Amino acid sequence: MVSRILAIAMLAALVLSLGVRGRDETASAAKAPSGVAINVLSNRADLISGGDALVQVAVPTGTNPSTLRVTLNGSDVTSAFAVRADGRYLGVVTGLADGPNVLKAVLPNRTGAQITITNHPIGGPVFSGPQIQPWPCLPGATDAKCDAPTTYEYTYKNAVTGQFDAYDPGNPPPAAEVATTTTDQGHTVPYIVRVETGAEDRGQYQVAVLFDPSKGWQPWAPQAGWNGKLEWPMGASCGVNHGEVADGTSVLDDTALSRGFAVTSTSLDNNGTDCNSVVEAEATMMLKEHIIETYGPIRYTISNGCSGASLEQQLLANDYPGLLDGIQPMCSYEDAWSTNLEVQDCSLLVNYFDGPAGVSQGWTEAQQAAVEGYQSTSPCQSWVRVFSFNQLGNPSQTNSAFTPCGVPPEQEYNAQTNPTGVRCTHQDFMVNIFGRRPQDGFARSPYDNVGVQYGLGALEAGVITPAQFVDLNAKIGGHDIDYNLIPSRTARDPVALSIAYRAGLVNDGRQMTTVPIIDLRGHDTEEIHEDYRSYAMRSRLSHANGGYGNQIIWTGSIPLVGDAGFQRQSFLLMDRWLGAVEADKSTVSLASKILRDRPADAKDECFDGTGTAIDNQTVCQTLFPFYKAPRIVAGGPLSDDILKCQLKPLNRADYTVQFTDAEWAQLQSAFPSGVCDWSKAGVGQQPSTPWLTFAGGPGGQPLGPPPTSQPVKG
C-alpha cells in the first residue's frame, strides 16, 4: 500500500507512480544495491521534522553492514544503528539541526554514500508557509510554537463491565479483570491501550494502540498487538480558530483497537477549528512520520468522519496523495471552497427573499425552494440562520460555535474601530495559500457571482415568472471584501481563482484514483448535508479520470448517521478492500489494483431503515432522491466546481419565455458584461497539482523529486 511505501521509502511526491510493494520485497530490494545506499524511511528526506528520522543503510551483497561508520554533520552516530531482526541495518538518527544535515555512511574501503536530510521544527511549518498569527497555546506549552512534553495514559477493557477504565501500570487491576483481544493477525493480547498525547505543528495529537506496559517497543520491533494499520478519525465543521485547541476526537474506537489498529488524530485535522487543508495535510504528514519513527512502518491508513471531516479526507486524498489510503467521507462535501458557493449564494438569496424586494414579488416557499434547488427552503435557511456558515466571509464575525475565530472581540477586525485587527474570514485564515491583495493587504478571495442567473432552471420550468426572475437577478447583489451587502455582483480576485484550482482547493478528483472511497450518506433534504454532494464528487471523478469505479455510495434513512451499523460495516469493508490490494503482488498500477481487487460487496447500496440493503439504484433513487444547489439551478454543472464562470452576451433567443421590453432592459442592466456560459470551463480553472509546497510563498510550487543518497569516496 501507499502508506507502506511511505513508511519504507516515503517518496510522497512520487506516490502516484509507485505500485504496491510488501515490506519484505522492499527490504530485499534495498539490501542489494550496487553500492552503499541510505534510505530515510520515516518521510521524504527534505520533509523531516522534530530532529529525528528512521534511516536504513543498505550495502552490497556479501558486505557486513556493521563495518560501516555513520556520521551526522561530521559527528559519529554509528551506535544508533544495528542489524535488526529482519536483517536490515536500521537506526533512528537524532539531533538533526533545523535546516540541511548531511548523513554519511562509509565502509572501511572508504566507499559509501551520503544524503542531505532537511529538518523542520516540531512546531512547524514544513510546507504550509508562514503560520497564522495570533496563535495562543494550550497551558503547558514550553514555547510560542506550542511545543509541550509528551505524556502517556493507559486504559483497559474491563472484562466484567465491557467498558474502558483507567489503568495504572504501577498498580494494575487483577489480571482476571483485564479483557483480552485477538487481533486480525491472530495475536491474543491483554486489552490494554496506551494513549500518547503530544504536540506538533502548533497542535495537539493523540495515538492509541494496544500496548503491554511490561514489554518494550522499537520501530523495528513493534509489539504483537499492533497490526501495522492506522485508523484516522477527523473532525467536522469548518472553523478558522486562531490558537491551539485540545484534540477532541476520541481515539478509543473498540472496533479498530480490538483488531490491532492504532487509532490516531490531531487537533489540526479537526476541520471545525482548522479549515485550512494545507495545514491539515502537513499535520497529518508530521504525525505519520512520528508514528513510523516511534512505532514502525505503516501498512495502510483508513480515515473517517462526517461533514467537514469528509471534505478534509477528500482534499487530502487528492491534493496530498499517499497520506490516506482508504477514505470514508460521511455526510460528505467535496471541498470547502465550492461548498462556499452554495453558502454565499444562500446568504444572498435569503437576504433577498426575506427583504422588501422579495416580499413585494409574492414569492411562495415552493418558488424559493425551486430557485435554491432544494425540496424546501430549509437548507438555505440552515446555512444562514442556523449554522451561520456564511459568516466565514465576514472579517468581523462573532465567535460562533460553528465558525470560531478564537480571538477576543477587541482583537477582531473592524473597519472603523480596529482596521488592523484579526480578519476572521476563511480566505484570511488561508492567506499563506492565497496571498494578499496589493491595495489593502487583505487575503485574496475566489468567490464570485458575476453573470450567475439565479433561478434560471425554475424560470424555464415555469415555476417562477419572468418578472420574478428579473427582479431577483437585478436586486440580489453581492458582498464587498468586508462582507457588506452591495447592489453589484461580487467580483473576486483572478489570482485566487487560479490558486484555488491549481492547489486542489476546488477538488477535481484527479489524484483520487489511488484511494478506495466509501461515501456514507444519511439521507437529508431539510438541512445542509444534501445528498447531491456525493454525486457532485462522482461527477468530478468521472470527468477527471474517465470513471468512478473506486467510489461507492451508501445511503441510509437516518440523517447524518445513515443506518444502524453503517460506519462499522464500512470500516470492515474498507479493511478488506485495502487488504486485497496489499496482497496483490502484480505489477499493474495501484489505481488498477483498487479497481481489480474491489470486493464484490463494494457497490452502491441504500438501506431502507430496517437494516436491509438495496442495490437496485432505481429503487434507491426513488426512496432517496437528491436535489440541487443554487448554481446548478442557474445552469451550472452537477459537479458544481466552477467558481467564476466565463461570460457570453445576453441573448433573448436563449430563453424559452418572453420578457417585456422593460424586463429585458432591466436584465441588461443587471448583466452588463453578460451571463454565465456554462459550456466552458471556469475562469482560471485548471487541473490540480499534487504536493504543492507554500514555503516559498502563496500559490505554491511542486515539491519535485525527493532527495536520494549519492555515492561518496574518500
# chains A, B, ... in the order shown; residues from 1 in each chain; ligands from 1
$ select_by_dssp --residues "range 346-521 of chain A" --states "helix (DSSP H, G or I)" --output "PDB file with N, CA and C atoms, in the first residue's frame"
ATOM      1  N   CYS A 346     -26.736  31.172  -0.905  1.00  0.00           N
ATOM      2  CA  CYS A 346     -27.874  31.091   0.008  1.00  0.00           C
ATOM      3  C   CYS A 346     -27.992  32.360   0.846  1.00  0.00           C
ATOM      4  N   SER A 347     -26.862  32.897   1.280  1.00  0.00           N
ATOM      5  CA  SER A 347     -26.893  34.123   2.069  1.00  0.00           C
ATOM      6  C   SER A 347     -27.555  35.256   1.297  1.00  0.00           C
ATOM      7  N   LEU A 348     -27.191  35.404   0.023  1.00  0.00           N
ATOM      8  CA  LEU A 348     -27.783  36.459  -0.804  1.00  0.00           C
ATOM      9  C   LEU A 348     -29.253  36.184  -1.087  1.00  0.00           C
ATOM     10  N   LEU A 349     -29.579  34.922  -1.350  1.00  0.00           N
ATOM     11  CA  LEU A 349     -30.974  34.573  -1.651  1.00  0.00           C
ATOM     12  C   LEU A 349     -31.870  34.775  -0.437  1.00  0.00           C
ATOM     13  N   VAL A 350     -31.419  34.335   0.748  1.00  0.00           N
ATOM     14  CA  VAL A 350     -32.213  34.525   1.952  1.00  0.00           C
ATOM     15  C   VAL A 350     -32.417  36.014   2.218  1.00  0.00           C
ATOM     16  N   ASN A 351     -31.355  36.794   2.021  1.00  0.00           N
ATOM     17  CA  ASN A 351     -31.479  38.239   2.226  1.00  0.00           C
ATOM     18  C   ASN A 351     -32.508  38.848   1.273  1.00  0.00           C
ATOM     19  N   TYR A 352     -32.499  38.372   0.026  1.00  0.00           N
ATOM     20  CA  TYR A 352     -33.466  38.902  -0.946  1.00  0.00           C
ATOM     21  C   TYR A 352     -34.884  38.447  -0.615  1.00  0.00           C
ATOM     22  N   PHE A 353     -35.070  37.152  -0.418  1.00  0.00           N
ATOM     23  CA  PHE A 353     -36.424  36.630  -0.196  1.00  0.00           C
ATOM     24  C   PHE A 353     -37.051  37.196   1.075  1.00  0.00           C
ATOM     25  N   ASP A 354     -36.246  37.404   2.117  1.00  0.00           N
ATOM     26  CA  ASP A 354     -36.777  37.886   3.384  1.00  0.00           C
ATOM     27  C   ASP A 354     -36.901  39.406   3.433  1.00  0.00           C
ATOM     28  N   PRO A 356     -37.655  43.405   1.597  1.00  0.00           N
ATOM     29  CA  PRO A 356     -38.806  44.060   0.958  1.00  0.00           C
ATOM     30  C   PRO A 356     -38.963  43.708  -0.512  1.00  0.00           C
ATOM     31  N   ALA A 357     -37.820  43.582  -1.237  1.00  0.00           N
ATOM     32  CA  ALA A 357     -37.921  43.294  -2.668  1.00  0.00           C
ATOM     33  C   ALA A 357     -38.548  41.925  -2.903  1.00  0.00           C
ATOM     34  N   GLY A 358     -38.082  40.912  -2.152  1.00  0.00           N
ATOM     35  CA  GLY A 358     -38.636  39.579  -2.327  1.00  0.00           C
ATOM     36  C   GLY A 358     -40.084  39.494  -1.908  1.00  0.00           C
ATOM     37  N   VAL A 359     -40.417  40.145  -0.802  1.00  0.00           N
ATOM     38  CA  VAL A 359     -41.800  40.125  -0.316  1.00  0.00           C
ATOM     39  C   VAL A 359     -42.734  40.764  -1.327  1.00  0.00           C
ATOM     40  N   SER A 360     -42.275  41.849  -1.957  1.00  0.00           N
ATOM     41  CA  SER A 360     -43.133  42.559  -2.915  1.00  0.00           C
ATOM     42  C   SER A 360     -43.436  41.730  -4.149  1.00  0.00           C
ATOM     43  N   GLU A 365     -43.061  29.762  -0.823  1.00  0.00           N
ATOM     44  CA  GLU A 365     -41.953  28.923  -0.364  1.00  0.00           C
ATOM     45  C   GLU A 365     -41.535  27.937  -1.447  1.00  0.00           C
ATOM     46  N   ALA A 366     -42.486  27.397  -2.194  1.00  0.00           N
ATOM     47  CA  ALA A 366     -42.154  26.450  -3.267  1.00  0.00           C
ATOM     48  C   ALA A 366     -41.315  27.129  -4.339  1.00  0.00           C
ATOM     49  N   GLN A 367     -41.628  28.379  -4.656  1.00  0.00           N
ATOM     50  CA  GLN A 367     -40.845  29.096  -5.662  1.00  0.00           C
ATOM     51  C   GLN A 367     -39.429  29.378  -5.158  1.00  0.00           C
ATOM     52  N   GLN A 368     -39.319  29.763  -3.896  1.00  0.00           N
ATOM     53  CA  GLN A 368     -37.989  29.999  -3.326  1.00  0.00           C
ATOM     54  C   GLN A 368     -37.160  28.707  -3.362  1.00  0.00           C
ATOM     55  N   ALA A 369     -37.777  27.600  -2.965  1.00  0.00           N
ATOM     56  CA  ALA A 369     -37.066  26.320  -2.970  1.00  0.00           C
ATOM     57  C   ALA A 369     -36.631  25.942  -4.381  1.00  0.00           C
ATOM     58  N   ALA A 370     -37.456  26.234  -5.374  1.00  0.00           N
ATOM     59  CA  ALA A 370     -37.112  25.914  -6.763  1.00  0.00           C
ATOM     60  C   ALA A 370     -35.892  26.703  -7.217  1.00  0.00           C
ATOM     61  N   VAL A 371     -35.783  27.955  -6.790  1.00  0.00           N
ATOM     62  CA  VAL A 371     -34.615  28.774  -7.125  1.00  0.00           C
ATOM     63  C   VAL A 371     -33.371  28.253  -6.408  1.00  0.00           C
ATOM     64  N   GLU A 372     -33.546  27.867  -5.153  1.00  0.00           N
ATOM     65  CA  GLU A 372     -32.409  27.388  -4.362  1.00  0.00           C
ATOM     66  C   GLU A 372     -31.994  25.972  -4.750  1.00  0.00           C
ATOM     67  N   SER A 378     -35.500  25.002   3.648  1.00  0.00           N
ATOM     68  CA  SER A 378     -34.781  24.729   4.884  1.00  0.00           C
ATOM     69  C   SER A 378     -33.261  24.692   4.727  1.00  0.00           C
ATOM     70  N   PRO A 379     -32.697  24.067   3.679  1.00  0.00           N
ATOM     71  CA  PRO A 379     -31.232  24.048   3.585  1.00  0.00           C
ATOM     72  C   PRO A 379     -30.601  25.435   3.552  1.00  0.00           C
ATOM     73  N   CYS A 380     -31.131  26.332   2.725  1.00  0.00           N
ATOM     74  CA  CYS A 380     -30.568  27.684   2.689  1.00  0.00           C
ATOM     75  C   CYS A 380     -30.730  28.379   4.037  1.00  0.00           C
ATOM     76  N   GLN A 381     -31.903  28.236   4.637  1.00  0.00           N
ATOM     77  CA  GLN A 381     -32.116  28.835   5.942  1.00  0.00           C
ATOM     78  C   GLN A 381     -31.140  28.261   6.968  1.00  0.00           C
ATOM     79  N   SER A 382     -30.852  26.969   6.851  1.00  0.00           N
ATOM     80  CA  SER A 382     -29.925  26.335   7.791  1.00  0.00           C
ATOM     81  C   SER A 382     -28.512  26.873   7.629  1.00  0.00           C
ATOM     82  N   TRP A 383     -28.051  26.999   6.380  1.00  0.00           N
ATOM     83  CA  TRP A 383     -26.717  27.541   6.144  1.00  0.00           C
ATOM     84  C   TRP A 383     -26.558  28.906   6.810  1.00  0.00           C
ATOM     85  N   VAL A 384     -27.614  29.735   6.710  1.00  0.00           N
ATOM     86  CA  VAL A 384     -27.504  31.136   7.113  1.00  0.00           C
ATOM     87  C   VAL A 384     -28.038  31.395   8.512  1.00  0.00           C
ATOM     88  N   ARG A 385     -29.255  30.929   8.789  1.00  0.00           N
ATOM     89  CA  ARG A 385     -29.916  31.281  10.034  1.00  0.00           C
ATOM     90  C   ARG A 385     -29.584  30.341  11.196  1.00  0.00           C
ATOM     91  N   VAL A 386     -29.224  29.096  10.887  1.00  0.00           N
ATOM     92  CA  VAL A 386     -28.958  28.120  11.948  1.00  0.00           C
ATOM     93  C   VAL A 386     -27.461  28.007  12.220  1.00  0.00           C
ATOM     94  N   PHE A 389     -22.769  29.653   8.574  1.00  0.00           N
ATOM     95  CA  PHE A 389     -21.519  29.417   7.863  1.00  0.00           C
ATOM     96  C   PHE A 389     -21.210  30.519   6.852  1.00  0.00           C
ATOM     97  N   ASN A 390     -22.216  31.295   6.465  1.00  0.00           N
ATOM     98  CA  ASN A 390     -21.940  32.422   5.585  1.00  0.00           C
ATOM     99  C   ASN A 390     -20.999  33.420   6.246  1.00  0.00           C
ATOM    100  N   GLN A 391     -20.926  33.407   7.593  1.00  0.00           N
ATOM    101  CA  GLN A 391     -20.079  34.355   8.298  1.00  0.00           C
ATOM    102  C   GLN A 391     -18.586  34.066   8.126  1.00  0.00           C
ATOM    103  N   LEU A 392     -18.241  32.940   7.497  1.00  0.00           N
ATOM    104  CA  LEU A 392     -16.839  32.710   7.150  1.00  0.00           C
ATOM    105  C   LEU A 392     -16.345  33.721   6.119  1.00  0.00           C
ATOM    106  N   GLY A 393     -17.267  34.456   5.504  1.00  0.00           N
ATOM    107  CA  GLY A 393     -16.878  35.542   4.609  1.00  0.00           C
ATOM    108  C   GLY A 393     -16.788  36.878   5.303  1.00  0.00           C
ATOM    109  N   PRO A 409     -13.112  39.590  21.104  1.00  0.00           N
ATOM    110  CA  PRO A 409     -13.779  40.556  20.218  1.00  0.00           C
ATOM    111  C   PRO A 409     -12.970  41.822  19.981  1.00  0.00           C
ATOM    112  N   GLU A 410     -12.236  42.271  20.992  1.00  0.00           N
ATOM    113  CA  GLU A 410     -11.474  43.510  20.828  1.00  0.00           C
ATOM    114  C   GLU A 410     -10.290  43.359  19.875  1.00  0.00           C
ATOM    115  N   GLN A 411      -9.901  42.100  19.574  1.00  0.00           N
ATOM    116  CA  GLN A 411      -8.813  41.881  18.633  1.00  0.00           C
ATOM    117  C   GLN A 411      -9.307  41.683  17.199  1.00  0.00           C
ATOM    118  N   HIS A 426     -12.472  32.994   6.039  1.00  0.00           N
ATOM    119  CA  HIS A 426     -11.826  31.754   5.599  1.00  0.00           C
ATOM    120  C   HIS A 426     -10.598  32.055   4.754  1.00  0.00           C
ATOM    121  N   GLN A 427     -10.709  33.020   3.830  1.00  0.00           N
ATOM    122  CA  GLN A 427      -9.565  33.316   2.972  1.00  0.00           C
ATOM    123  C   GLN A 427      -8.401  33.911   3.768  1.00  0.00           C
ATOM    124  N   ASP A 428      -8.702  34.726   4.806  1.00  0.00           N
ATOM    125  CA  ASP A 428      -7.611  35.269   5.614  1.00  0.00           C
ATOM    126  C   ASP A 428      -6.948  34.187   6.450  1.00  0.00           C
ATOM    127  N   PHE A 429      -7.693  33.147   6.816  1.00  0.00           N
ATOM    128  CA  PHE A 429      -7.116  32.011   7.526  1.00  0.00           C
ATOM    129  C   PHE A 429      -6.213  31.202   6.597  1.00  0.00           C
ATOM    130  N   VAL A 431      -4.337  32.785   4.134  1.00  0.00           N
ATOM    131  CA  VAL A 431      -3.568  33.812   3.423  1.00  0.00           C
ATOM    132  C   VAL A 431      -2.211  33.274   2.980  1.00  0.00           C
ATOM    133  N   ASN A 432      -1.701  32.263   3.687  1.00  0.00           N
ATOM    134  CA  ASN A 432      -0.448  31.619   3.255  1.00  0.00           C
ATOM    135  C   ASN A 432      -0.597  30.935   1.906  1.00  0.00           C
ATOM    136  N   ILE A 433      -1.837  30.607   1.527  1.00  0.00           N
ATOM    137  CA  ILE A 433      -2.102  29.933   0.260  1.00  0.00           C
ATOM    138  C   ILE A 433      -2.502  30.950  -0.814  1.00  0.00           C
ATOM    139  N   PHE A 434      -3.431  31.846  -0.480  1.00  0.00           N
ATOM    140  CA  PHE A 434      -3.982  32.783  -1.457  1.00  0.00           C
ATOM    141  C   PHE A 434      -3.137  34.038  -1.648  1.00  0.00           C
ATOM    142  N   LEU A 456     -32.650  30.326 -13.017  1.00  0.00           N
ATOM    143  CA  LEU A 456     -32.864  30.091 -14.450  1.00  0.00           C
ATOM    144  C   LEU A 456     -33.648  28.808 -14.691  1.00  0.00           C
ATOM    145  N   GLY A 457     -33.278  27.730 -14.003  1.00  0.00           N
ATOM    146  CA  GLY A 457     -33.988  26.468 -14.186  1.00  0.00           C
ATOM    147  C   GLY A 457     -35.434  26.560 -13.750  1.00  0.00           C
ATOM    148  N   ALA A 458     -35.698  27.281 -12.662  1.00  0.00           N
ATOM    149  CA  ALA A 458     -37.077  27.459 -12.192  1.00  0.00           C
ATOM    150  C   ALA A 458     -37.883  28.293 -13.180  1.00  0.00           C
ATOM    151  N   LEU A 459     -37.241  29.263 -13.813  1.00  0.00           N
ATOM    152  CA  LEU A 459     -37.910  30.062 -14.843  1.00  0.00           C
ATOM    153  C   LEU A 459     -38.284  29.197 -16.031  1.00  0.00           C
ATOM    154  N   GLU A 460     -37.332  28.427 -16.517  1.00  0.00           N
ATOM    155  CA  GLU A 460     -37.569  27.594 -17.699  1.00  0.00           C
ATOM    156  C   GLU A 460     -38.608  26.513 -17.412  1.00  0.00           C
ATOM    157  N   PRO A 466     -41.323  35.486 -15.325  1.00  0.00           N
ATOM    158  CA  PRO A 466     -40.246  36.332 -15.825  1.00  0.00           C
ATOM    159  C   PRO A 466     -40.013  37.556 -14.942  1.00  0.00           C
ATOM    160  N   ALA A 467     -41.077  38.138 -14.438  1.00  0.00           N
ATOM    161  CA  ALA A 467     -40.923  39.319 -13.584  1.00  0.00           C
ATOM    162  C   ALA A 467     -40.152  38.981 -12.311  1.00  0.00           C
ATOM    163  N   GLN A 468     -40.445  37.836 -11.708  1.00  0.00           N
ATOM    164  CA  GLN A 468     -39.716  37.425 -10.507  1.00  0.00           C
ATOM    165  C   GLN A 468     -38.246  37.156 -10.826  1.00  0.00           C
ATOM    166  N   PHE A 469     -37.991  36.469 -11.923  1.00  0.00           N
ATOM    167  CA  PHE A 469     -36.625  36.163 -12.344  1.00  0.00           C
ATOM    168  C   PHE A 469     -35.832  37.452 -12.533  1.00  0.00           C
ATOM    169  N   VAL A 470     -36.408  38.408 -13.214  1.00  0.00           N
ATOM    170  CA  VAL A 470     -35.720  39.666 -13.494  1.00  0.00           C
ATOM    171  C   VAL A 470     -35.468  40.429 -12.199  1.00  0.00           C
ATOM    172  N   ASP A 471     -36.474  40.536 -11.357  1.00  0.00           N
ATOM    173  CA  ASP A 471     -36.323  41.290 -10.114  1.00  0.00           C
ATOM    174  C   ASP A 471     -35.257  40.662  -9.219  1.00  0.00           C
ATOM    175  N   LEU A 472     -35.272  39.349  -9.117  1.00  0.00           N
ATOM    176  CA  LEU A 472     -34.275  38.641  -8.300  1.00  0.00           C
ATOM    177  C   LEU A 472     -32.864  38.948  -8.773  1.00  0.00           C
ATOM    178  N   ASN A 473     -32.633  38.794 -10.067  1.00  0.00           N
ATOM    179  CA  ASN A 473     -31.277  38.962 -10.580  1.00  0.00           C
ATOM    180  C   ASN A 473     -30.839  40.420 -10.617  1.00  0.00           C
ATOM    181  N   ALA A 474     -31.802  41.331 -10.676  1.00  0.00           N
ATOM    182  CA  ALA A 474     -31.458  42.749 -10.652  1.00  0.00           C
ATOM    183  C   ALA A 474     -31.108  43.232  -9.256  1.00  0.00           C
ATOM    184  N   LYS A 475     -31.650  42.569  -8.230  1.00  0.00           N
ATOM    185  CA  LYS A 475     -31.535  43.100  -6.875  1.00  0.00           C
ATOM    186  C   LYS A 475     -30.754  42.224  -5.906  1.00  0.00           C
ATOM    187  N   PRO A 494      -8.756  37.252  -9.577  1.00  0.00           N
ATOM    188  CA  PRO A 494      -8.416  36.178 -10.523  1.00  0.00           C
ATOM    189  C   PRO A 494      -7.218  35.347 -10.080  1.00  0.00           C
ATOM    190  N   VAL A 495      -6.300  35.947  -9.311  1.00  0.00           N
ATOM    191  CA  VAL A 495      -5.157  35.180  -8.802  1.00  0.00           C
ATOM    192  C   VAL A 495      -5.647  34.096  -7.842  1.00  0.00           C
ATOM    193  N   ALA A 496      -6.584  34.455  -6.983  1.00  0.00           N
ATOM    194  CA  ALA A 496      -7.128  33.475  -6.028  1.00  0.00           C
ATOM    195  C   ALA A 496      -7.851  32.352  -6.754  1.00  0.00           C
ATOM    196  N   LEU A 497      -8.531  32.677  -7.847  1.00  0.00           N
ATOM    197  CA  LEU A 497      -9.225  31.635  -8.617  1.00  0.00           C
ATOM    198  C   LEU A 497      -8.245  30.594  -9.122  1.00  0.00           C
ATOM    199  N   SER A 498      -7.168  31.052  -9.728  1.00  0.00           N
ATOM    200  CA  SER A 498      -6.178  30.116 -10.280  1.00  0.00           C
ATOM    201  C   SER A 498      -5.555  29.266  -9.187  1.00  0.00           C
ATOM    202  N   ILE A 499      -5.251  29.888  -8.038  1.00  0.00           N
ATOM    203  CA  ILE A 499      -4.648  29.146  -6.934  1.00  0.00           C
ATOM    204  C   ILE A 499      -5.610  28.083  -6.415  1.00  0.00           C
ATOM    205  N   ALA A 500      -6.896  28.455  -6.300  1.00  0.00           N
ATOM    206  CA  ALA A 500      -7.882  27.510  -5.766  1.00  0.00           C
ATOM    207  C   ALA A 500      -7.944  26.242  -6.604  1.00  0.00           C
ATOM    208  N   TYR A 501      -7.860  26.393  -7.918  1.00  0.00           N
ATOM    209  CA  TYR A 501      -7.890  25.208  -8.791  1.00  0.00           C
ATOM    210  C   TYR A 501      -6.553  24.476  -8.773  1.00  0.00           C
ATOM    211  N   ARG A 502      -5.471  25.213  -8.924  1.00  0.00           N
ATOM    212  CA  ARG A 502      -4.155  24.587  -9.033  1.00  0.00           C
ATOM    213  C   ARG A 502      -3.797  23.826  -7.759  1.00  0.00           C
ATOM    214  N   MET A 512      -7.332  11.028  -7.137  1.00  0.00           N
ATOM    215  CA  MET A 512      -8.030  10.161  -6.188  1.00  0.00           C
ATOM    216  C   MET A 512      -8.225   8.730  -6.691  1.00  0.00           C
ATOM    217  N   THR A 513      -7.663   8.399  -7.836  1.00  0.00           N
ATOM    218  CA  THR A 513      -7.796   7.030  -8.344  1.00  0.00           C
ATOM    219  C   THR A 513      -7.039   6.028  -7.480  1.00  0.00           C
ATOM    220  N   THR A 514      -6.145   6.511  -6.617  1.00  0.00           N
ATOM    221  CA  THR A 514      -5.327   5.604  -5.809  1.00  0.00           C
ATOM    222  C   THR A 514      -5.889   5.396  -4.412  1.00  0.00           C
TER     223      THR A 514
END
$ residues_around --residues "His529 in chain A" --least-positions-apart "2" --cutoff "9 Å" --atoms "only C-alpha atoms" --output "list in words"
Ser307, Cys331, Ser332, Tyr333, Pro379, Arg521, Gly522, His523, Asp524, Thr525, Glu526, Glu527, Asp531, Tyr532, Arg533, Pro559 and Leu560 of chain A
$ write_last_selection --atoms "C-alpha atoms" --output "JSON list (two decimals), in the first residue's frame"
[["chain", "number", "residue", "atom", "x", "y", "z"],
["A", 307, "SER", "CA", -19.32, 16.82, 7.17],
["A", 331, "CYS", "CA", -22.43, 13.34, 5.11],
["A", 332, "SER", "CA", -19.91, 14.40, 2.55],
["A", 333, "TYR", "CA", -18.73, 17.52, 0.78],
["A", 379, "PRO", "CA", -31.23, 24.05, 3.58],
["A", 521, "ARG", "CA", -24.75, 9.32, 3.17],
["A", 522, "GLY", "CA", -27.56, 9.79, 5.69],
["A", 523, "HIS", "CA", -30.44, 10.94, 3.51],
["A", 524, "ASP", "CA", -31.37, 14.53, 4.33],
["A", 525, "THR", "CA", -33.42, 17.13, 2.49],
["A", 526, "GLU", "CA", -34.02, 19.53, 5.38],
["A", 527, "GLU", "CA", -30.62, 20.89, 6.35],
["A", 531, "ASP", "CA", -27.37, 14.17, -0.90],
["A", 532, "TYR", "CA", -26.35, 15.73, -4.22],
["A", 533, "ARG", "CA", -22.84, 16.42, -2.89],
["A", 559, "PRO", "CA", -29.95, 11.94, 8.51],
["A", 560, "LEU", "CA", -26.18, 12.22, 9.09]]
$ closest_atom_pairs --of "range 177-225 of chain A" --to "range 257-272 of chain A" --cutoff "8 Å" --atoms "only C-alpha atoms" --output "JSON lines"
{"residue": "A:Thr181", "atom": "CA", "partner": "A:Ser258", "partner_atom": "CA", "distance": 5.8}
{"residue": "A:Thr182", "atom": "CA", "partner": "A:Arg259", "partner_atom": "CA", "distance": 6.7}
{"residue": "A:Thr183", "atom": "CA", "partner": "A:Arg259", "partner_atom": "CA", "distance": 4.1}
{"residue": "A:Asp184", "atom": "CA", "partner": "A:Arg259", "partner_atom": "CA", "distance": 5.1}
{"residue": "A:Gln185", "atom": "CA", "partner": "A:Gly260", "partner_atom": "CA", "distance": 7.9}
{"residue": "A:Tyr191", "atom": "CA", "partner": "A:Ser258", "partner_atom": "CA", "distance": 7.4}
{"residue": "A:Gly203", "atom": "CA", "partner": "A:Ser267", "partner_atom": "CA", "distance": 5.7}
{"residue": "A:Gln204", "atom": "CA", "partner": "A:Ser267", "partner_atom": "CA", "distance": 5.4}
{"residue": "A:Tyr205", "atom": "CA", "partner": "A:Thr266", "partner_atom": "CA", "distance": 4.0}
{"residue": "A:Gln206", "atom": "CA", "partner": "A:Ser265", "partner_atom": "CA", "distance": 5.5}
{"residue": "A:Val207", "atom": "CA", "partner": "A:Thr264", "partner_atom": "CA", "distance": 4.4}
{"residue": "A:Ala208", "atom": "CA", "partner": "A:Val263", "partner_atom": "CA", "distance": 5.2}
{"residue": "A:Val209", "atom": "CA", "partner": "A:Ala262", "partner_atom": "CA", "distance": 4.5}
{"residue": "A:Leu210", "atom": "CA", "partner": "A:Gly260", "partner_atom": "CA", "distance": 6.7}
{"residue": "A:Gly225", "atom": "CA", "partner": "A:Gly260", "partner_atom": "CA", "distance": 5.5}
$ write_last_selection --atoms "N, CA and C atoms" --output "tab-separated table (two decimals), in the first residue's frame"
chain	number	residue	atom	x	y	z
A	181	THR	N	-7.92	-9.52	23.77
A	181	THR	CA	-8.48	-9.39	22.43
A	181	THR	C	-7.54	-10.10	21.47
A	182	THR	N	-8.11	-10.65	20.42
A	182	THR	CA	-7.31	-11.31	19.39
A	182	THR	C	-7.34	-10.43	18.14
A	183	THR	N	-6.17	-9.98	17.72
A	183	THR	CA	-6.08	-9.06	16.59
A	183	THR	C	-6.37	-9.80	15.28
A	184	ASP	N	-6.50	-9.03	14.22
A	184	ASP	CA	-6.74	-9.65	12.91
A	184	ASP	C	-5.51	-10.37	12.37
A	185	GLN	N	-4.40	-10.31	13.10
A	185	GLN	CA	-3.21	-11.08	12.75
A	185	GLN	C	-3.10	-12.35	13.59
A	191	TYR	N	-6.09	-6.52	26.65
A	191	TYR	CA	-6.74	-5.36	26.04
A	191	TYR	C	-6.40	-4.12	26.88
A	203	GLY	N	-0.23	22.12	17.19
A	203	GLY	CA	-1.47	21.44	17.51
A	203	GLY	C	-1.20	20.25	18.42
A	204	GLN	N	-2.26	19.66	18.95
A	204	GLN	CA	-2.14	18.51	19.84
A	204	GLN	C	-2.54	17.24	19.10
A	205	TYR	N	-1.80	16.16	19.30
A	205	TYR	CA	-2.12	14.88	18.67
A	205	TYR	C	-2.29	13.81	19.74
A	206	GLN	N	-2.94	12.70	19.34
A	206	GLN	CA	-3.04	11.52	20.18
A	206	GLN	C	-2.84	10.26	19.34
A	207	VAL	N	-2.22	9.26	19.93
A	207	VAL	CA	-2.05	7.95	19.32
A	207	VAL	C	-2.45	6.90	20.34
A	208	ALA	N	-3.42	6.08	20.00
A	208	ALA	CA	-3.86	4.99	20.87
A	208	ALA	C	-3.52	3.66	20.22
A	209	VAL	N	-2.98	2.73	21.00
A	209	VAL	CA	-2.60	1.43	20.44
A	209	VAL	C	-2.57	0.40	21.57
A	210	LEU	N	-2.88	-0.85	21.23
A	210	LEU	CA	-2.71	-1.94	22.21
A	210	LEU	C	-1.26	-1.98	22.66
A	225	GLY	N	0.60	-6.60	19.45
A	225	GLY	CA	-0.76	-6.07	19.44
A	225	GLY	C	-1.06	-5.12	18.31
$ select_by_dssp --residues "range 237-434 of chain A" --states "strand (DSSP E or B)" --output "VMD selection string"
chain A and resid 240 262 to 266 270 274 300 to 306 326 to 330 412 414 418 422
$ residues_around --residues "Asp46 in chain A" --least-positions-apart "6" --cutoff "8 Å" --atoms "only C-alpha atoms" --output "list in words"
Thr116, Ile117, Thr118, Asn119, Pro706 and Pro707 of chain A
